[in-house]
file work.csv (CSV, C-alpha atoms)
chain,number,residue,atom,x,y,z
A,1,MET,CA,-39.2,5.9,-7.2
A,2,THR,CA,-37.2,5.2,-4.1
A,3,THR,CA,-34.1,7.3,-3.7
A,4,LYS,CA,-30.9,5.2,-4.1
A,5,LYS,CA,-28.4,5.5,-1.3
A,6,VAL,CA,-24.7,5.0,-0.9
A,7,LEU,CA,-22.9,4.4,2.4
A,8,LEU,CA,-19.4,5.9,2.0
A,9,ALA,CA,-17.0,4.5,4.6
A,10,LEU,CA,-14.1,6.4,6.1
A,11,THR,CA,-11.2,5.3,8.2
A,12,SER,CA,-11.2,6.4,11.8
A,13,TYR,CA,-7.5,6.0,12.1
A,14,ASN,CA,-5.6,9.4,12.2
A,15,ASP,CA,-2.2,9.1,13.6
A,16,VAL,CA,1.5,9.7,12.7
A,17,PHE,CA,2.4,7.3,9.9
A,18,TYR,CA,4.9,8.7,7.4
A,19,SER,CA,8.6,9.1,8.0
A,20,ASP,CA,8.3,12.9,7.8
A,21,GLY,CA,6.0,12.8,10.9
A,22,ALA,CA,2.8,13.4,8.9
A,23,LYS,CA,-0.4,11.7,9.9
A,24,THR,CA,-2.4,9.3,7.8
A,25,GLY,CA,-6.2,9.1,7.8
A,26,VAL,CA,-8.8,9.7,5.0
A,27,PHE,CA,-7.2,10.5,1.7
A,28,VAL,CA,-9.4,13.5,0.7
A,29,ILE,CA,-10.1,12.9,-3.0
A,30,GLU,CA,-10.8,9.2,-2.4
A,31,ALA,CA,-13.8,10.4,-0.4
A,32,LEU,CA,-14.6,13.6,-2.3
A,33,HIS,CA,-14.5,12.2,-5.9
A,34,PRO,CA,-16.8,9.3,-5.2
A,35,PHE,CA,-19.1,11.6,-3.2
A,36,ASN,CA,-19.4,14.0,-6.1
A,37,SER,CA,-19.8,11.1,-8.6
A,38,PHE,CA,-22.7,9.6,-6.7
A,39,LYS,CA,-24.4,12.9,-6.1
A,40,LYS,CA,-24.2,13.8,-9.8
A,41,GLU,CA,-26.1,10.6,-10.6
A,42,GLY,CA,-28.9,11.4,-8.1
A,43,PHE,CA,-27.7,9.2,-5.2
A,44,GLU,CA,-28.0,10.2,-1.6
A,45,VAL,CA,-24.8,9.7,0.3
A,46,ASP,CA,-24.1,9.1,4.0
A,47,PHE,CA,-20.7,8.9,5.6
A,48,VAL,CA,-19.8,6.3,8.2
A,49,SER,CA,-16.7,5.3,10.2
A,50,GLU,CA,-16.2,2.6,12.8
A,51,THR,CA,-16.1,5.2,15.6
A,52,GLY,CA,-18.1,8.1,14.0
A,53,LYS,CA,-14.8,10.1,13.8
A,54,PHE,CA,-12.2,10.7,11.2
A,55,GLY,CA,-9.2,12.8,10.3
A,56,TRP,CA,-7.4,13.7,7.1
A,57,ASP,CA,-4.3,12.1,5.6
A,58,GLU,CA,-1.9,15.0,5.7
A,59,HIS,CA,-0.2,14.0,2.5
A,60,SER,CA,-3.5,14.1,0.6
A,61,LEU,CA,-3.8,17.9,1.4
A,62,VAL,CA,-0.9,18.9,-0.9
A,63,LYS,CA,-1.4,20.6,-4.2
A,64,ASP,CA,-0.5,17.5,-6.2
A,65,PHE,CA,-3.6,15.8,-4.9
A,66,LEU,CA,-5.9,18.7,-3.9
A,67,ASN,CA,-6.4,21.5,-6.3
A,68,GLY,CA,-8.9,23.3,-8.5
A,69,GLN,CA,-12.6,22.6,-7.7
A,70,ASP,CA,-11.7,19.8,-5.3
A,71,LYS,CA,-9.8,22.3,-3.1
A,72,VAL,CA,-12.8,24.7,-3.3
A,73,ASP,CA,-15.3,22.0,-2.3
A,74,PHE,CA,-12.9,20.8,0.5
A,75,GLU,CA,-12.4,24.3,2.0
A,76,ASN,CA,-16.0,25.6,1.7
A,77,LYS,CA,-17.7,24.7,4.9
A,78,ASP,CA,-21.1,25.0,3.2
A,79,SER,CA,-20.2,22.6,0.4
A,80,ASP,CA,-22.5,19.6,0.1
A,81,PHE,CA,-19.5,17.4,0.9
A,82,ASN,CA,-18.7,19.2,4.2
A,83,LYS,CA,-22.3,19.4,5.3
A,84,THR,CA,-22.7,15.7,4.7
A,85,LEU,CA,-19.4,14.9,6.5
A,86,ALA,CA,-20.7,16.9,9.5
A,87,LYS,CA,-23.4,14.3,9.9
A,88,ILE,CA,-21.1,11.2,9.8
A,89,LYS,CA,-22.7,8.1,11.4
A,90,THR,CA,-21.4,5.3,13.5
A,91,PRO,CA,-22.3,1.7,12.3
A,92,LYS,CA,-25.0,1.5,15.0
A,93,GLU,CA,-26.8,4.5,13.4
A,94,VAL,CA,-26.9,2.7,10.1
A,95,ASN,CA,-29.6,0.4,8.7
A,96,ALA,CA,-28.0,-1.7,5.9
A,97,ASP,CA,-31.4,-2.1,4.2
A,98,ASP,CA,-31.4,1.6,3.3
A,99,TYR,CA,-28.4,1.4,1.0
A,100,GLN,CA,-27.6,-0.2,-2.4
A,101,ILE,CA,-23.9,0.6,-2.5
A,102,PHE,CA,-21.2,0.3,0.2
A,103,PHE,CA,-18.1,2.2,-0.9
A,104,ALA,CA,-14.9,2.0,1.1
A,105,SER,CA,-12.7,5.1,0.7
A,106,ALA,CA,-9.1,5.0,1.7
A,107,GLY,CA,-5.8,6.4,2.9
A,108,HIS,CA,-3.2,4.2,4.7
A,109,GLY,CA,-5.3,4.6,7.8
A,110,THR,CA,-7.7,1.9,6.5
A,111,LEU,CA,-4.9,-0.7,6.9
A,112,PHE,CA,-5.1,-0.1,10.6
A,113,ASP,CA,-8.8,-0.1,11.3
A,114,TYR,CA,-10.8,-1.7,8.4
A,115,PRO,CA,-9.6,-5.3,9.1
A,116,LYS,CA,-10.9,-4.9,12.7
A,117,ALA,CA,-14.0,-2.9,11.8
A,118,LYS,CA,-16.4,-5.8,12.3
A,119,ASP,CA,-19.5,-3.5,12.4
A,120,LEU,CA,-18.6,-1.9,9.1
A,121,GLN,CA,-17.9,-5.3,7.6
A,122,ASP,CA,-21.2,-6.6,8.7
A,123,ILE,CA,-23.0,-3.7,7.1
A,124,ALA,CA,-21.1,-4.2,3.8
A,125,SER,CA,-21.9,-7.9,3.9
A,126,GLU,CA,-25.6,-7.2,4.5
A,127,ILE,CA,-25.8,-4.7,1.6
A,128,TYR,CA,-24.2,-7.3,-0.7
A,129,ALA,CA,-26.6,-10.0,0.6
A,130,ASN,CA,-29.5,-7.7,-0.3
A,131,GLY,CA,-28.3,-7.6,-3.9
A,132,GLY,CA,-26.2,-4.4,-3.5
A,133,VAL,CA,-22.7,-3.5,-4.6
A,134,VAL,CA,-19.6,-3.5,-2.4
A,135,ALA,CA,-16.8,-1.2,-3.8
A,136,ALA,CA,-13.4,-0.1,-2.5
A,137,VAL,CA,-10.6,2.1,-3.8
A,138,CYS,CA,-6.8,2.2,-3.2
A,139,HIS,CA,-6.3,0.9,0.4
A,140,GLY,CA,-10.1,0.5,0.9
A,141,PRO,CA,-9.9,-3.2,0.0
A,142,ALA,CA,-8.5,-3.6,3.6
A,143,ILE,CA,-12.2,-3.9,4.4
A,144,PHE,CA,-12.1,-7.4,2.8
A,145,ASP,CA,-9.8,-8.7,5.5
A,146,GLY,CA,-12.4,-10.7,7.4
A,147,LEU,CA,-15.4,-9.7,5.3
A,148,THR,CA,-17.6,-12.7,4.5
A,149,ASN,CA,-20.4,-13.5,2.0
A,150,LYS,CA,-23.5,-14.1,4.2
A,151,GLU,CA,-24.9,-16.6,1.7
A,152,THR,CA,-21.9,-18.9,1.6
A,153,GLY,CA,-20.1,-18.0,4.9
A,154,ARG,CA,-16.9,-17.8,2.8
A,155,PRO,CA,-14.7,-14.7,2.3
A,156,LEU,CA,-16.5,-12.2,0.0
A,157,VAL,CA,-13.5,-11.9,-2.3
A,158,GLU,CA,-12.7,-15.6,-2.6
A,159,GLY,CA,-12.4,-16.5,-6.3
A,160,LYS,CA,-13.0,-12.9,-7.3
A,161,SER,CA,-10.8,-10.5,-9.2
A,162,ILE,CA,-9.9,-7.4,-7.3
A,163,THR,CA,-7.4,-4.5,-7.5
A,164,GLY,CA,-6.2,-2.0,-5.0
A,165,PHE,CA,-3.0,-0.1,-4.2
A,166,THR,CA,0.0,-2.0,-5.5
A,167,ASP,CA,3.0,-3.2,-3.5
A,168,VAL,CA,5.2,-1.4,-6.1
A,169,GLY,CA,3.4,1.8,-5.1
A,170,GLU,CA,4.1,1.2,-1.4
A,171,THR,CA,7.8,0.9,-2.3
A,172,ILE,CA,7.8,4.0,-4.5
A,173,LEU,CA,6.2,5.9,-1.6
A,174,GLY,CA,8.9,4.6,0.8
A,175,VAL,CA,6.3,3.1,3.2
A,176,ASP,CA,6.9,-0.6,2.6
A,177,SER,CA,9.3,-0.8,5.5
A,178,ILE,CA,6.8,1.1,7.7
A,179,LEU,CA,4.1,-1.4,6.8
A,180,LYS,CA,6.4,-4.3,7.6
A,181,ALA,CA,7.4,-2.8,10.9
A,182,LYS,CA,3.8,-2.2,11.9
A,183,ASN,CA,2.8,-5.7,10.6
A,184,LEU,CA,0.2,-4.3,8.2
A,185,ALA,CA,-1.1,-6.3,5.3
A,186,THR,CA,-1.1,-4.7,1.9
A,187,VAL,CA,-4.0,-5.1,-0.5
A,188,GLU,CA,-2.0,-7.7,-2.5
A,189,ASP,CA,-1.4,-9.6,0.8
A,190,ILE,CA,-5.1,-9.6,1.5
A,191,ALA,CA,-6.0,-10.8,-2.0
A,192,LYS,CA,-3.5,-13.7,-1.5
A,193,LYS,CA,-4.8,-14.5,2.0
A,194,TYR,CA,-8.4,-14.9,0.8
A,195,GLY,CA,-7.9,-16.6,-2.5
A,196,ALA,CA,-8.8,-13.5,-4.7
A,197,LYS,CA,-7.1,-12.9,-8.0
A,198,TYR,CA,-5.2,-9.6,-7.8
A,199,LEU,CA,-5.0,-7.5,-11.0
A,200,ALA,CA,-2.5,-4.7,-11.3
A,201,PRO,CA,-2.5,-1.7,-13.7
A,202,VAL,CA,0.4,-1.2,-16.2
A,203,GLY,CA,1.6,1.7,-14.0
A,204,PRO,CA,0.8,2.1,-10.3
A,205,TRP,CA,-0.5,5.7,-10.8
A,206,ASP,CA,-2.8,4.8,-13.8
A,207,ASP,CA,-6.6,5.2,-13.5
A,208,TYR,CA,-7.5,1.6,-13.2
A,209,SER,CA,-10.7,0.0,-11.8
A,210,ILE,CA,-12.4,-3.4,-12.3
A,211,THR,CA,-15.8,-5.0,-11.8
A,212,ASP,CA,-16.4,-8.6,-10.9
A,213,GLY,CA,-20.2,-9.0,-10.6
A,214,ARG,CA,-21.3,-6.8,-7.7
A,215,LEU,CA,-17.7,-6.3,-6.4
A,216,VAL,CA,-15.9,-3.2,-7.7
A,217,THR,CA,-12.3,-2.1,-6.9
A,218,GLY,CA,-10.0,0.7,-7.9
A,219,VAL,CA,-6.2,1.0,-7.6
A,220,ASN,CA,-5.3,4.6,-6.4
A,221,PRO,CA,-6.5,8.2,-5.9
A,222,ALA,CA,-6.7,8.7,-9.7
A,223,SER,CA,-9.2,5.8,-9.8
A,224,ALA,CA,-11.7,7.1,-7.2
A,225,HIS,CA,-14.1,8.5,-9.8
A,226,SER,CA,-14.0,5.5,-12.2
A,227,THR,CA,-14.5,3.1,-9.2
A,228,ALA,CA,-17.7,5.1,-8.2
A,229,VAL,CA,-19.0,5.1,-11.8
A,230,ARG,CA,-18.3,1.3,-12.1
A,231,SER,CA,-20.2,0.7,-8.9
A,232,ILE,CA,-23.3,2.6,-10.2
A,233,ASN,CA,-23.1,0.5,-13.4
A,234,ALA,CA,-22.7,-2.7,-11.5
A,235,LEU,CA,-25.9,-1.9,-9.5
A,236,GLU,CA,-27.8,-1.1,-12.7
A,237,ASN,CA,-26.7,-4.3,-14.4
call {"tool": "encode", "arguments": {"input": "work.csv", "output": "structure tokens"}}
result
Amino acid sequence: MTTKKVLLALTSYNDVFYSDGAKTGVFVIEALHPFNSFKKEGFEVDFVSETGKFGWDEHSLVKDFLNGQDKVDFENKDSDFNKTLAKIKTPKEVNADDYQIFFASAGHGTLFDYPKAKDLQDIASEIYANGGVVAAVCHGPAIFDGLTNKETGRPLVEGKSITGFTDVGETILGVDSILKAKNLATVEDIAKKYGAKYLAPVGPWDDYSITDGRLVTGVNPASAHSTAVRSINALEN
């Protein structure tokens, strides 16, 4: 039996974003939880970013988000997670035919580079065209800004139900004004732009993910695991 493979995308953007001077980048558990979920179910996982580089969202390193076994895995240079990260690929090193799931992890950094990451979008589009699953969590649906369905030439999310980080959440975090100043589209903006139906959880921090055919999305860091599980189920169904 052929080993099933997941391509786990990371943002390359790693610069000062928050009002306290902290950088945004990859939100640790939004990459770590899916990675562990896929590995547990026997999938091989490769990391990819548009430039082959990445950095961490500094807010994602605090105890509220990174603790227990997650912290152990993150800090252990010999963990499966870190050893796989060390072999991160660029899109040009990736053959879409090798993968059944494309999973876009997040962090506010994705709002900067995913919409312009045409090579990553092409790979996701190819995996979907091959009958695979495209999944995204939190700000990961920024990848849908410009992502087309190869079969129809239309936006991949058009007419689909999706979720992702809420505008309410952006306001609670106090970054809504930063997003406006930097002219960055929120996930809700992207849904509206491409004719997708945006579904929100009862509370912005709830574990909430949804499946629409072979398109799977989750709303926040707490939803990273359930989004990965849903993407496996979507592939099997």
call {"tool": "atom_distance", "arguments": {"input": "work.csv", "atom1": "atom CA of A:Ala191", "atom2": "atom CA of A:Asp145"}}
result
8.7 Å
call {"tool": "residues_around", "arguments": {"input": "work.csv", "residues": "stretch 86-102 of chain A", "least_positions_apart": "5", "cutoff": "8 Å", "atoms": "all atoms listed in the file", "output": "list in words"}}
result
Lys4, Lys5, Val6, Leu7, Leu8, Ala9, Asp46, Phe47, Val48, Ser49, Glu50, Thr51, Gly52, Lys53, Asp119, Leu120, Ile123, Ala124, Glu126, Ile127, Asn130, Gly131, Gly132, Val133, Val134, Ala135, Ser231, Ile232 and Leu235 of chain A
call {"tool": "residues_around", "arguments": {"input": "work.csv", "residues": "stretch 30-42 of chain A", "least_positions_apart": "4", "cutoff": "8 Å", "atoms": "all atoms listed in the file", "output": "PDB file with C-alpha atoms, in the coordinates of the input"}}
result
ATOM      1  CA  THR A   3     -34.100   7.300  -3.700  1.00  0.00           C
ATOM      2  CA  LYS A   4     -30.900   5.200  -4.100  1.00  0.00           C
ATOM      3  CA  VAL A   6     -24.700   5.000  -0.900  1.00  0.00           C
ATOM      4  CA  LEU A   8     -19.400   5.900   2.000  1.00  0.00           C
ATOM      5  CA  LEU A  10     -14.100   6.400   6.100  1.00  0.00           C
ATOM      6  CA  VAL A  26      -8.800   9.700   5.000  1.00  0.00           C
ATOM      7  CA  ASP A  70     -11.700  19.800  -5.300  1.00  0.00           C
ATOM      8  CA  PHE A  74     -12.900  20.800   0.500  1.00  0.00           C
ATOM      9  CA  PHE A  81     -19.500  17.400   0.900  1.00  0.00           C
ATOM     10  CA  SER A 105     -12.700   5.100   0.700  1.00  0.00           C
ATOM     11  CA  ALA A 106      -9.100   5.000   1.700  1.00  0.00           C
ATOM     12  CA  GLY A 107      -5.800   6.400   2.900  1.00  0.00           C
ATOM     13  CA  VAL A 137     -10.600   2.100  -3.800  1.00  0.00           C
ATOM     14  CA  PRO A 221      -6.500   8.200  -5.900  1.00  0.00           C
ATOM     15  CA  ALA A 224     -11.700   7.100  -7.200  1.00  0.00           C
ATOM     16  CA  HIS A 225     -14.100   8.500  -9.800  1.00  0.00           C
ATOM     17  CA  THR A 227     -14.500   3.100  -9.200  1.00  0.00           C
ATOM     18  CA  ALA A 228     -17.700   5.100  -8.200  1.00  0.00           C
ATOM     19  CA  VAL A 229     -19.000   5.100 -11.800  1.00  0.00           C
ATOM     20  CA  ILE A 232     -23.300   2.600 -10.200  1.00  0.00           C
TER      21      ILE A 232
END
call {"tool": "axis_aligned_box", "arguments": {"input": "work.csv", "around": "stretch 158-166 of chain A", "padding_each_side": "4 Å", "output": "JSON"}}
result
{"center_x": -6.5, "center_y": -8.3, "center_z": -5.9, "size_x": 21.0, "size_y": 24.4, "size_z": 14.6}
call {"tool": "atom_distance", "arguments": {"input": "work.csv", "atom1": "atom CA of A:Thr11", "atom2": "atom CA of A:Val28"}}
result
11.3 Å
call {"tool": "residues_near_point", "arguments": {"input": "work.csv", "point": "(-13.0, -9.4, -6.8)", "cutoff": "10 Å", "atoms": "only C-alpha atoms", "output": "JSON, numbers by chain"}}
result
{"A": [134, 135, 141, 144, 156, 157, 158, 159, 160, 161, 162, 163, 191, 195, 196, 197, 198, 199, 210, 211, 212, 213, 214, 215, 216, 217]}
call {"tool": "residues_around", "arguments": {"input": "work.csv", "residues": "A:Asp176", "least_positions_apart": "3", "cutoff": "12 Å", "atoms": "only C-alpha atoms", "output": "PyMOL selection string"}}
result
chain A and resi 17-19+108+166-173+179-186
call {"tool": "decode", "arguments": {"input": "work.csv", "residues": "stretch 37-53 of chain A", "atoms": "N, CA, C and O atoms", "output": "compact mmCIF listing (two decimals), in the first residue's frame"}}
result
# COMPACT_ATOMS: atom_id res chain seq x y z
N SER A 37 -1.03 14.93 14.49
CA SER A 37 -2.28 14.23 14.14
C SER A 37 -2.08 13.36 12.90
O SER A 37 -2.53 12.22 12.85
N PHE A 38 -1.43 13.92 11.89
CA PHE A 38 -1.20 13.17 10.65
C PHE A 38 -0.23 12.00 10.88
O PHE A 38 -0.47 10.89 10.39
N LYS A 39 0.83 12.26 11.63
CA LYS A 39 1.81 11.19 11.88
C LYS A 39 1.17 10.04 12.65
O LYS A 39 1.44 8.87 12.35
N LYS A 40 0.31 10.37 13.60
CA LYS A 40 -0.37 9.36 14.42
C LYS A 40 -1.21 8.42 13.55
O LYS A 40 -1.36 7.24 13.86
N GLU A 41 -1.73 8.96 12.45
CA GLU A 41 -2.58 8.16 11.55
C GLU A 41 -1.78 7.55 10.40
O GLU A 41 -2.35 7.07 9.42
N GLY A 42 -0.45 7.58 10.52
CA GLY A 42 0.39 6.88 9.55
C GLY A 42 0.74 7.65 8.29
O GLY A 42 1.26 7.08 7.32
N PHE A 43 0.48 8.95 8.28
CA PHE A 43 0.83 9.77 7.12
C PHE A 43 2.27 10.24 7.21
O PHE A 43 2.77 10.51 8.29
N GLU A 44 2.91 10.36 6.06
CA GLU A 44 4.20 11.05 5.99
C GLU A 44 3.89 12.53 5.82
O GLU A 44 2.91 12.88 5.16
N VAL A 45 4.71 13.39 6.42
CA VAL A 45 4.47 14.83 6.34
C VAL A 45 5.73 15.54 5.85
O VAL A 45 6.83 15.27 6.32
N ASP A 46 5.54 16.44 4.90
CA ASP A 46 6.62 17.34 4.48
C ASP A 46 6.16 18.77 4.72
O ASP A 46 4.98 19.10 4.51
N PHE A 47 7.09 19.62 5.14
CA PHE A 47 6.81 21.04 5.30
C PHE A 47 7.25 21.78 4.04
O PHE A 47 8.25 21.42 3.41
N VAL A 48 6.51 22.82 3.70
CA VAL A 48 6.85 23.66 2.56
C VAL A 48 6.51 25.11 2.90
O VAL A 48 5.58 25.38 3.65
N SER A 49 7.30 26.04 2.39
CA SER A 49 6.92 27.46 2.45
C SER A 49 7.32 28.08 1.12
O SER A 49 8.12 27.51 0.37
N GLU A 50 6.76 29.23 0.81
CA GLU A 50 6.99 29.84 -0.51
C GLU A 50 8.47 30.10 -0.77
O GLU A 50 8.93 29.98 -1.90
N THR A 51 9.24 30.40 0.29
CA THR A 51 10.67 30.68 0.09
C THR A 51 11.58 29.57 0.64
O THR A 51 12.79 29.63 0.49
N GLY A 52 10.97 28.58 1.31
CA GLY A 52 11.78 27.54 1.96
C GLY A 52 12.29 27.98 3.32
O GLY A 52 13.07 27.27 3.96
N LYS A 53 11.82 29.16 3.77
CA LYS A 53 12.22 29.68 5.09
C LYS A 53 10.97 29.95 5.90
O LYS A 53 9.87 30.07 5.36
